[in-house]
Amino acid sequence: MKQHERVTLLGSTGSIGVQTLDIVRHHPDRFSVYALVAHSRWEELARQAVEFNARRVVIGDERYYDNLKTRLAGSGIEVLAGSEAICEVASDEACDLVVNALVGYAGLHPTLAAIHSRKRIALANKETLVVGGDIVMSEARRMGVDILPIDSEHSAIMQCLEGEKRQSIKNLIVTCSGGALRDMTKEELQSVTPEMALRHPQWSMGAKITIDSATLVNKGFEVIEARWLFDIEPERIKVIIHPQSIVHSMVEFTDGSVKAQLGNADMRTPISYAMLYPERSAIAMEEFSILDYPTLTFKAVDHDKYPALGIAYDCLHRGGTAPCTMNGSNEVAVAAFLGHKCAFTDIVGAIEYALKRAEFTAVPSMEDYDRANIEARALAKEYLKLK
Ligand code: NAD
Ligand code: MG
């Protein structure tokens, strides 16, 4: 049994954050909370900090600092604000494990800060690897840091690869539910509303990733994530549609054998796997019975209907700042779509527009990523005619 770990949880008020706290709640001997971070929901953050007796809290949006500080006065909990403070609690000596459940580009710098302070990292923030997978993984190797994926597909692949040799891997097969709009025609997609796209049939997740699932940008990001996590060429990462979300992904081996990981669509399984690895949680999640799923189906992706997946493969081949440009423009377009400021199909339009015009850096530094992210966001706004 591993020793007790003090956890810094980035994004504690989000979908993954709340489920992570559920794992902590069920394993009091194994985990305690060192620091919690959220963007704006200060009341929920304060409540969590008191329940878990956190030492420090950070509110990303500094406008809520005073409210949070007043609410926690006399509690002994230290209150901080802003992005530098997020990096500080992710790298503090008093923490052992960083769970990064932030959404978007905001997750990149804290992941690197945690790597440079040799923390164990459970990573839900896939944008970290989409934007800077090359730098992040090479820095993690250099520092001897483990990055354990929380994304269900990558957790499945990691589980399938346990005990296997690198040279035995033929292909990684990433499964894809198809998102909320999978049964619509290309024409019907033009008039989709945020409410329709937010109704994911299997997973209950944050708004951004639910929209990314509907465009298949999320699956494209997962291909990029897999490329860096498992150090495998893009050509050997395949995506197939599997509407039931029971097979979480598969690995095909050189001898013709295929391993798959199955289970309910419950993120607490991959979250606890990453946090407790190499042990498994004993907490009772809803029981899984294969008899409930007599028919599991699989089919190829319709690339004409979902151009985002092909764009992600192209970005991976181009390398450099291309995936960062895709990510930044997507973030702006998804927020615009959620705010009823553009059409669903404008999301991919904005990504294509930004990729055509952005300055390209083949071997980027962290400063280049910051610059490319700002440029991508500005290009997406230009395309969407937003201020
Ligand atoms: P969410 O929107 O529900 O939560 C995001 C959290 O991050 C919130 O606590 C928010 O306050 C915080 N946050 C966002 N921006 C911040 C900033 N600038 N500063 C400080 N805090 C900030 O998102 P989610 O669905 O939990 O997803 C989190 C990450 O996990 C994403 O990268 C997503 O792609 C990935 N992921 C999520 C799921 C899922 O089931 N929700 C599954 C796989 C991967
Ligand atoms: Mg996933």
# chains A, B, ... in the order shown; residues from 1 in each chain; ligands from 1

call {"tool": "residues_around", "arguments": {"residues": "Gln244 in chain A", "least_positions_apart": "2", "cutoff": "10 Å", "atoms": "only C-alpha atoms", "output": "VMD selection string"}}
result
chain A and resid 175 to 178 201 to 202 241 to 242 246 to 248 264 to 265 293 295 to 298

call {"tool": "closest_atom_pairs", "arguments": {"of": "chain A", "to": "ligand 1", "cutoff": "8 Å", "atoms": "only C-alpha atoms and all ligand atoms", "output": "JSON lines"}}
result
{"residue": "A:Leu10", "atom": "CA", "partner": "ligand 1", "partner_atom_place_in_ligand_line": "7 (O)", "distance": 6.6}
{"residue": "A:Gly11", "atom": "CA", "partner": "ligand 1", "partner_atom_place_in_ligand_line": "9 (O)", "distance": 3.3}
{"residue": "A:Ser12", "atom": "CA", "partner": "ligand 1", "partner_atom_place_in_ligand_line": "9 (O)", "distance": 4.6}
{"residue": "A:Thr13", "atom": "CA", "partner": "ligand 1", "partner_atom_place_in_ligand_line": "9 (O)", "distance": 3.7}
{"residue": "A:Gly14", "atom": "CA", "partner": "ligand 1", "partner_atom_place_in_ligand_line": "4 (O)", "distance": 3.1}
{"residue": "A:Ser15", "atom": "CA", "partner": "ligand 1", "partner_atom_place_in_ligand_line": "26 (O)", "distance": 3.7}
{"residue": "A:Ile16", "atom": "CA", "partner": "ligand 1", "partner_atom_place_in_ligand_line": "26 (O)", "distance": 3.9}
{"residue": "A:Gly17", "atom": "CA", "partner": "ligand 1", "partner_atom_place_in_ligand_line": "26 (O)", "distance": 5.9}
{"residue": "A:Val18", "atom": "CA", "partner": "ligand 1", "partner_atom_place_in_ligand_line": "26 (O)", "distance": 7.9}
{"residue": "A:Val37", "atom": "CA", "partner": "ligand 1", "partner_atom_place_in_ligand_line": "21 (N)", "distance": 5.8}
{"residue": "A:Ala38", "atom": "CA", "partner": "ligand 1", "partner_atom_place_in_ligand_line": "11 (O)", "distance": 3.7}
{"residue": "A:His39", "atom": "CA", "partner": "ligand 1", "partner_atom_place_in_ligand_line": "21 (N)", "distance": 3.6}
{"residue": "A:Ser40", "atom": "CA", "partner": "ligand 1", "partner_atom_place_in_ligand_line": "11 (O)", "distance": 5.8}
{"residue": "A:Arg41", "atom": "CA", "partner": "ligand 1", "partner_atom_place_in_ligand_line": "11 (O)", "distance": 6.4}
{"residue": "A:Val58", "atom": "CA", "partner": "ligand 1", "partner_atom_place_in_ligand_line": "20 (C)", "distance": 7.8}
{"residue": "A:Ile59", "atom": "CA", "partner": "ligand 1", "partner_atom_place_in_ligand_line": "20 (C)", "distance": 6.4}
{"residue": "A:Gly60", "atom": "CA", "partner": "ligand 1", "partner_atom_place_in_ligand_line": "20 (C)", "distance": 4.0}
{"residue": "A:Asp61", "atom": "CA", "partner": "ligand 1", "partner_atom_place_in_ligand_line": "19 (N)", "distance": 6.7}
{"residue": "A:Gly82", "atom": "CA", "partner": "ligand 1", "partner_atom_place_in_ligand_line": "19 (N)", "distance": 7.4}
{"residue": "A:Ser83", "atom": "CA", "partner": "ligand 1", "partner_atom_place_in_ligand_line": "19 (N)", "distance": 6.5}
{"residue": "A:Ile86", "atom": "CA", "partner": "ligand 1", "partner_atom_place_in_ligand_line": "20 (C)", "distance": 7.3}
{"residue": "A:Asn100", "atom": "CA", "partner": "ligand 1", "partner_atom_place_in_ligand_line": "29 (C)", "distance": 7.5}
{"residue": "A:Ala101", "atom": "CA", "partner": "ligand 1", "partner_atom_place_in_ligand_line": "28 (C)", "distance": 4.4}
{"residue": "A:Leu102", "atom": "CA", "partner": "ligand 1", "partner_atom_place_in_ligand_line": "7 (O)", "distance": 3.6}
{"residue": "A:Val103", "atom": "CA", "partner": "ligand 1", "partner_atom_place_in_ligand_line": "31 (C)", "distance": 4.1}
{"residue": "A:Gly104", "atom": "CA", "partner": "ligand 1", "partner_atom_place_in_ligand_line": "32 (O)", "distance": 5.7}
{"residue": "A:Ala106", "atom": "CA", "partner": "ligand 1", "partner_atom_place_in_ligand_line": "18 (N)", "distance": 5.0}
{"residue": "A:Gly107", "atom": "CA", "partner": "ligand 1", "partner_atom_place_in_ligand_line": "17 (C)", "distance": 7.7}
{"residue": "A:Leu123", "atom": "CA", "partner": "ligand 1", "partner_atom_place_in_ligand_line": "30 (O)", "distance": 7.7}
{"residue": "A:Ala124", "atom": "CA", "partner": "ligand 1", "partner_atom_place_in_ligand_line": "30 (O)", "distance": 4.1}
{"residue": "A:Asn125", "atom": "CA", "partner": "ligand 1", "partner_atom_place_in_ligand_line": "32 (O)", "distance": 3.4}
{"residue": "A:Lys126", "atom": "CA", "partner": "ligand 1", "partner_atom_place_in_ligand_line": "32 (O)", "distance": 4.8}
{"residue": "A:Glu127", "atom": "CA", "partner": "ligand 1", "partner_atom_place_in_ligand_line": "32 (O)", "distance": 5.8}
{"residue": "A:Thr128", "atom": "CA", "partner": "ligand 1", "partner_atom_place_in_ligand_line": "32 (O)", "distance": 8.0}
{"residue": "A:Ile150", "atom": "CA", "partner": "ligand 1", "partner_atom_place_in_ligand_line": "43 (C)", "distance": 6.5}
{"residue": "A:Asp151", "atom": "CA", "partner": "ligand 1", "partner_atom_place_in_ligand_line": "43 (C)", "distance": 4.1}
{"residue": "A:Ser152", "atom": "CA", "partner": "ligand 1", "partner_atom_place_in_ligand_line": "43 (C)", "distance": 6.2}
{"residue": "A:Trp203", "atom": "CA", "partner": "ligand 1", "partner_atom_place_in_ligand_line": "40 (O)", "distance": 6.4}
{"residue": "A:Ser204", "atom": "CA", "partner": "ligand 1", "partner_atom_place_in_ligand_line": "40 (O)", "distance": 6.2}
{"residue": "A:Met205", "atom": "CA", "partner": "ligand 1", "partner_atom_place_in_ligand_line": "41 (N)", "distance": 3.6}
{"residue": "A:Gly206", "atom": "CA", "partner": "ligand 1", "partner_atom_place_in_ligand_line": "25 (O)", "distance": 3.2}
{"residue": "A:Ala207", "atom": "CA", "partner": "ligand 1", "partner_atom_place_in_ligand_line": "2 (O)", "distance": 5.9}
{"residue": "A:Lys208", "atom": "CA", "partner": "ligand 1", "partner_atom_place_in_ligand_line": "2 (O)", "distance": 6.3}
{"residue": "A:Ile209", "atom": "CA", "partner": "ligand 1", "partner_atom_place_in_ligand_line": "34 (O)", "distance": 5.1}
{"residue": "A:Thr210", "atom": "CA", "partner": "ligand 1", "partner_atom_place_in_ligand_line": "25 (O)", "distance": 7.7}
{"residue": "A:Asn218", "atom": "CA", "partner": "ligand 1", "partner_atom_place_in_ligand_line": "34 (O)", "distance": 7.4}
{"residue": "A:Met267", "atom": "CA", "partner": "ligand 1", "partner_atom_place_in_ligand_line": "40 (O)", "distance": 5.8}

call {"tool": "closest_residue", "arguments": {"among": "A:Thr193, A:Thr185, A:Ser245, A:Asn171", "to": "ligand 2", "atoms": "only C-alpha atoms and all ligand atoms"}}
result
A:Ser245

call {"tool": "atom_distance", "arguments": {"atom1": "CA of Phe52 in chain A", "atom2": "CA of Thr8 in chain A"}}
result
11.6 Å

call {"tool": "residues_around", "arguments": {"residues": "Arg71 in chain A", "least_positions_apart": "2", "cutoff": "10 Å", "atoms": "only C-alpha atoms", "output": "list in words"}}
result
Trp42, Glu43, Ala46, Arg47, Tyr65, Asp66, Asn67, Leu68, Lys69, Ala73, Gly74 and Ser75 of chain A

call {"tool": "select_by_dssp", "arguments": {"residues": "range 207-297 of chain A", "states": "helix (DSSP H, G or I)", "output": "MDAnalysis selection string"}}
result
chainID A and resid 207:215 217:229 234:236 268:276 290:292

call {"tool": "atom_distance", "arguments": {"atom1": "CA of Thr269 in chain A", "atom2": "CA of Val136 in chain A"}}
result
24.8 Å

call {"tool": "residues_around", "arguments": {"residues": "Ser191 in chain A", "least_positions_apart": "3", "cutoff": "10 Å", "atoms": "only C-alpha atoms", "output": "PyMOL selection string"}}
result
chain A and resi 187-188+194+196+343-345

call {"tool": "write_last_selection", "arguments": {"atoms": "all heavy atoms", "output": "mmCIF file, in the first residue's frame"}}
result
data_model
loop_
_atom_site.group_PDB
_atom_site.id
_atom_site.type_symbol
_atom_site.label_atom_id
_atom_site.label_comp_id
_atom_site.auth_asym_id
_atom_site.auth_seq_id
_atom_site.Cartn_x
_atom_site.Cartn_y
_atom_site.Cartn_z
ATOM 1 N N GLU A 187 -26.698 18.115 -43.146
ATOM 2 C CA GLU A 187 -27.565 19.291 -43.321
ATOM 3 C C GLU A 187 -28.209 19.686 -41.992
ATOM 4 O O GLU A 187 -28.269 20.863 -41.646
ATOM 5 C CB GLU A 187 -28.662 19.017 -44.361
ATOM 6 C CG GLU A 187 -28.173 18.907 -45.799
ATOM 7 C CD GLU A 187 -27.232 17.728 -46.035
ATOM 8 O OE1 GLU A 187 -27.521 16.627 -45.509
ATOM 9 O OE2 GLU A 187 -26.212 17.911 -46.731
ATOM 10 N N GLU A 188 -28.674 18.673 -41.250
ATOM 11 C CA GLU A 188 -29.336 18.957 -39.968
ATOM 12 C C GLU A 188 -28.372 19.619 -38.977
ATOM 13 O O GLU A 188 -28.791 20.374 -38.096
ATOM 14 C CB GLU A 188 -29.898 17.664 -39.363
ATOM 15 C CG GLU A 188 -31.160 17.178 -40.071
ATOM 16 C CD GLU A 188 -31.583 15.765 -39.650
ATOM 17 O OE1 GLU A 188 -30.728 14.955 -39.248
ATOM 18 O OE2 GLU A 188 -32.776 15.465 -39.746
ATOM 19 N N PRO A 194 -27.214 24.921 -28.848
ATOM 20 C CA PRO A 194 -26.375 24.428 -27.748
ATOM 21 C C PRO A 194 -27.115 23.392 -26.902
ATOM 22 O O PRO A 194 -26.535 22.393 -26.486
ATOM 23 C CB PRO A 194 -26.076 25.689 -26.929
ATOM 24 C CG PRO A 194 -26.216 26.812 -27.885
ATOM 25 C CD PRO A 194 -27.249 26.398 -28.884
ATOM 26 N N MET A 196 -29.306 21.218 -27.756
ATOM 27 C CA MET A 196 -29.300 19.901 -28.422
ATOM 28 C C MET A 196 -27.922 19.247 -28.298
ATOM 29 O O MET A 196 -27.796 18.062 -27.994
ATOM 30 C CB MET A 196 -29.653 20.055 -29.911
ATOM 31 C CG MET A 196 -31.108 20.409 -30.156
ATOM 32 S SD MET A 196 -31.290 21.267 -31.750
ATOM 33 C CE MET A 196 -31.360 19.873 -32.847
ATOM 34 N N ALA A 343 -23.151 29.529 -35.250
ATOM 35 C CA ALA A 343 -23.772 28.230 -35.550
ATOM 36 C C ALA A 343 -22.813 27.100 -35.175
ATOM 37 O O ALA A 343 -21.602 27.299 -35.068
ATOM 38 C CB ALA A 343 -24.101 28.158 -37.038
ATOM 39 N N PHE A 344 -23.373 25.908 -35.004
ATOM 40 C CA PHE A 344 -22.573 24.724 -34.653
ATOM 41 C C PHE A 344 -21.468 24.502 -35.677
ATOM 42 O O PHE A 344 -20.311 24.242 -35.327
ATOM 43 C CB PHE A 344 -23.516 23.510 -34.584
ATOM 44 C CG PHE A 344 -22.831 22.222 -34.248
ATOM 45 C CD1 PHE A 344 -22.381 21.981 -32.950
ATOM 46 C CD2 PHE A 344 -22.629 21.249 -35.217
ATOM 47 C CE1 PHE A 344 -21.747 20.785 -32.634
ATOM 48 C CE2 PHE A 344 -21.997 20.052 -34.902
ATOM 49 C CZ PHE A 344 -21.555 19.817 -33.603
ATOM 50 N N THR A 345 -21.824 24.638 -36.955
ATOM 51 C CA THR A 345 -20.849 24.364 -38.023
ATOM 52 C C THR A 345 -19.771 25.454 -38.125
ATOM 53 O O THR A 345 -18.737 25.240 -38.755
ATOM 54 C CB THR A 345 -21.580 24.201 -39.375
ATOM 55 O OG1 THR A 345 -22.589 25.226 -39.452
ATOM 56 C CG2 THR A 345 -22.249 22.853 -39.489
#

call {"tool": "residues_around", "arguments": {"residues": "Ala282 in chain A", "least_positions_apart": "4", "cutoff": "10 Å", "atoms": "only C-alpha atoms", "output": "list in words"}}
result
His26, His27 and Ser272 of chain A

call {"tool": "residues_around", "arguments": {"residues": "Ser365 in chain A", "least_positions_apart": "4", "cutoff": "12 Å", "atoms": "only C-alpha atoms", "output": "list in words"}}
result
Val131, Gly132, Gly133, Asp134, Ile135, Val136, Gly320, Thr321, Cys324, Thr361, Tyr369, Asp370, Arg371 and Ala372 of chain A

call {"tool": "write_last_selection", "arguments": {"atoms": "N, CA and C atoms", "output": "short mmCIF file (atom, residue, chain, number, x, y, z; two decimals), in the first residue's frame"}}
result
data_model
loop_
_atom_site.label_atom_id
_atom_site.label_comp_id
_atom_site.auth_asym_id
_atom_site.auth_seq_id
_atom_site.Cartn_x
_atom_site.Cartn_y
_atom_site.Cartn_z
N VAL A 131 -1.77 20.76 -26.92
CA VAL A 131 -0.95 21.94 -27.24
C VAL A 131 0.53 21.61 -27.16
N GLY A 132 0.95 21.04 -26.05
CA GLY A 132 2.40 20.94 -25.80
C GLY A 132 2.87 19.53 -25.48
N GLY A 133 2.22 18.52 -26.08
CA GLY A 133 2.53 17.12 -25.75
C GLY A 133 4.01 16.78 -25.86
N ASP A 134 4.66 17.32 -26.88
CA ASP A 134 6.07 17.03 -27.11
C ASP A 134 6.92 17.51 -25.92
N ILE A 135 6.78 18.79 -25.57
CA ILE A 135 7.56 19.37 -24.47
C ILE A 135 7.16 18.71 -23.15
N VAL A 136 5.86 18.56 -22.94
CA VAL A 136 5.36 18.05 -21.65
C VAL A 136 5.90 16.64 -21.40
N GLY A 320 4.56 21.20 -34.53
CA GLY A 320 4.81 22.58 -34.12
C GLY A 320 3.61 23.20 -33.42
N THR A 321 3.27 24.44 -33.84
CA THR A 321 2.16 25.15 -33.18
C THR A 321 0.78 24.82 -33.78
N CYS A 324 -1.86 23.68 -31.32
CA CYS A 324 -2.14 24.81 -30.40
C CYS A 324 -3.13 25.78 -31.07
N THR A 361 5.14 27.88 -36.15
CA THR A 361 6.48 27.67 -35.60
C THR A 361 6.69 26.16 -35.48
N TYR A 369 4.08 28.89 -27.72
CA TYR A 369 2.72 28.37 -27.50
C TYR A 369 1.80 29.47 -26.99
N ASP A 370 2.30 30.26 -26.05
CA ASP A 370 1.47 31.36 -25.51
C ASP A 370 1.08 32.32 -26.64
N ARG A 371 2.05 32.63 -27.50
CA ARG A 371 1.80 33.55 -28.61
C ARG A 371 0.80 32.92 -29.60
N ALA A 372 1.01 31.65 -29.94
CA ALA A 372 0.13 30.97 -30.90
C ALA A 372 -1.29 30.86 -30.36
#

call {"tool": "residues_around", "arguments": {"residues": "Glu235 in chain A", "least_positions_apart": "2", "cutoff": "10 Å", "atoms": "only C-alpha atoms", "output": "PyMOL selection string"}}
result
chain A and resi 171-172+227+232-233+237-238+313+317

call {"tool": "closest_residue", "arguments": {"among": "A:Val258, A:Val99, A:Val192, A:Ala90", "to": "Ala114 in chain A", "atoms": "only C-alpha atoms"}}
result
A:Ala90

call {"tool": "closest_residue", "arguments": {"among": "A:Ala322, A:Leu386, A:Ala300, A:Leu129", "to": "His340 in chain A", "atoms": "only C-alpha atoms"}}
result
A:Leu386

call {"tool": "select_by_dssp", "arguments": {"residues": "range 70-222 of chain A", "states": "strand (DSSP E or B)", "output": "PyMOL selection string"}}
result
chain A and resi 78-81+97-100+120-123+147-149+169-176

call {"tool": "decode", "arguments": {"residues": "range 79-95 of chain A", "atoms": "N, CA, C and O atoms", "output": "PDB file, in the first residue's frame"}}
result
ATOM      1  N   VAL A  79      -6.123  31.851   1.358  1.00  0.00           N
ATOM      2  CA  VAL A  79      -6.836  32.154   0.108  1.00  0.00           C
ATOM      3  C   VAL A  79      -5.918  32.911  -0.852  1.00  0.00           C
ATOM      4  O   VAL A  79      -5.318  33.914  -0.492  1.00  0.00           O
ATOM      5  N   LEU A  80      -5.829  32.393  -2.080  1.00  0.00           N
ATOM      6  CA  LEU A  80      -4.984  33.009  -3.108  1.00  0.00           C
ATOM      7  C   LEU A  80      -5.821  33.225  -4.366  1.00  0.00           C
ATOM      8  O   LEU A  80      -6.909  32.666  -4.496  1.00  0.00           O
ATOM      9  N   ALA A  81      -5.277  34.000  -5.318  1.00  0.00           N
ATOM     10  CA  ALA A  81      -6.008  34.238  -6.572  1.00  0.00           C
ATOM     11  C   ALA A  81      -5.040  34.386  -7.731  1.00  0.00           C
ATOM     12  O   ALA A  81      -3.886  34.774  -7.560  1.00  0.00           O
ATOM     13  N   GLY A  82      -5.533  34.031  -8.934  1.00  0.00           N
ATOM     14  CA  GLY A  82      -4.773  34.276 -10.166  1.00  0.00           C
ATOM     15  C   GLY A  82      -3.972  33.081 -10.653  1.00  0.00           C
ATOM     16  O   GLY A  82      -3.780  32.093  -9.934  1.00  0.00           O
ATOM     17  N   SER A  83      -3.501  33.190 -11.912  1.00  0.00           N
ATOM     18  CA  SER A  83      -2.876  32.031 -12.554  1.00  0.00           C
ATOM     19  C   SER A  83      -1.508  31.672 -11.970  1.00  0.00           C
ATOM     20  O   SER A  83      -1.143  30.498 -11.943  1.00  0.00           O
ATOM     21  N   GLU A  84      -0.780  32.662 -11.463  1.00  0.00           N
ATOM     22  CA  GLU A  84       0.521  32.310 -10.858  1.00  0.00           C
ATOM     23  C   GLU A  84       0.335  31.486  -9.590  1.00  0.00           C
ATOM     24  O   GLU A  84       1.113  30.567  -9.308  1.00  0.00           O
ATOM     25  N   ALA A  85      -0.723  31.828  -8.851  1.00  0.00           N
ATOM     26  CA  ALA A  85      -1.005  31.076  -7.615  1.00  0.00           C
ATOM     27  C   ALA A  85      -1.394  29.628  -7.940  1.00  0.00           C
ATOM     28  O   ALA A  85      -1.109  28.716  -7.165  1.00  0.00           O
ATOM     29  N   ILE A  86      -2.018  29.412  -9.106  1.00  0.00           N
ATOM     30  CA  ILE A  86      -2.382  28.035  -9.500  1.00  0.00           C
ATOM     31  C   ILE A  86      -1.098  27.221  -9.695  1.00  0.00           C
ATOM     32  O   ILE A  86      -0.971  26.094  -9.215  1.00  0.00           O
ATOM     33  N   CYS A  87      -0.114  27.811 -10.380  1.00  0.00           N
ATOM     34  CA  CYS A  87       1.160  27.120 -10.578  1.00  0.00           C
ATOM     35  C   CYS A  87       1.858  26.892  -9.239  1.00  0.00           C
ATOM     36  O   CYS A  87       2.491  25.862  -9.018  1.00  0.00           O
ATOM     37  N   GLU A  88       1.699  27.863  -8.340  1.00  0.00           N
ATOM     38  CA  GLU A  88       2.357  27.743  -7.030  1.00  0.00           C
ATOM     39  C   GLU A  88       1.811  26.537  -6.246  1.00  0.00           C
ATOM     40  O   GLU A  88       2.585  25.731  -5.726  1.00  0.00           O
ATOM     41  N   VAL A  89       0.481  26.388  -6.196  1.00  0.00           N
ATOM     42  CA  VAL A  89      -0.056  25.253  -5.417  1.00  0.00           C
ATOM     43  C   VAL A  89       0.160  23.912  -6.125  1.00  0.00           C
ATOM     44  O   VAL A  89       0.147  22.867  -5.492  1.00  0.00           O
ATOM     45  N   ALA A  90       0.382  23.974  -7.460  1.00  0.00           N
ATOM     46  CA  ALA A  90       0.655  22.731  -8.206  1.00  0.00           C
ATOM     47  C   ALA A  90       2.101  22.283  -8.022  1.00  0.00           C
ATOM     48  O   ALA A  90       2.450  21.152  -8.362  1.00  0.00           O
ATOM     49  N   SER A  91       2.950  23.175  -7.508  1.00  0.00           N
ATOM     50  CA  SER A  91       4.366  22.816  -7.382  1.00  0.00           C
ATOM     51  C   SER A  91       4.851  22.877  -5.936  1.00  0.00           C
ATOM     52  O   SER A  91       6.008  22.616  -5.656  1.00  0.00           O
ATOM     53  N   ASP A  92       3.945  23.195  -5.009  1.00  0.00           N
ATOM     54  CA  ASP A  92       4.337  23.349  -3.605  1.00  0.00           C
ATOM     55  C   ASP A  92       4.890  22.044  -3.032  1.00  0.00           C
ATOM     56  O   ASP A  92       4.370  20.955  -3.284  1.00  0.00           O
ATOM     57  N   GLU A  93       5.930  22.204  -2.247  1.00  0.00           N
ATOM     58  CA  GLU A  93       6.601  21.061  -1.618  1.00  0.00           C
ATOM     59  C   GLU A  93       5.645  20.196  -0.797  1.00  0.00           C
ATOM     60  O   GLU A  93       5.813  18.986  -0.698  1.00  0.00           O
ATOM     61  N   ALA A  94       4.614  20.836  -0.205  1.00  0.00           N
ATOM     62  CA  ALA A  94       3.708  20.108   0.693  1.00  0.00           C
ATOM     63  C   ALA A  94       2.696  19.234  -0.042  1.00  0.00           C
ATOM     64  O   ALA A  94       1.886  18.563   0.591  1.00  0.00           O
ATOM     65  N   CYS A  95       2.714  19.241  -1.388  1.00  0.00           N
ATOM     66  CA  CYS A  95       1.755  18.393  -2.112  1.00  0.00           C
ATOM     67  C   CYS A  95       2.480  17.254  -2.831  1.00  0.00           C
ATOM     68  O   CYS A  95       3.631  17.392  -3.232  1.00  0.00           O
TER      69      CYS A  95
END
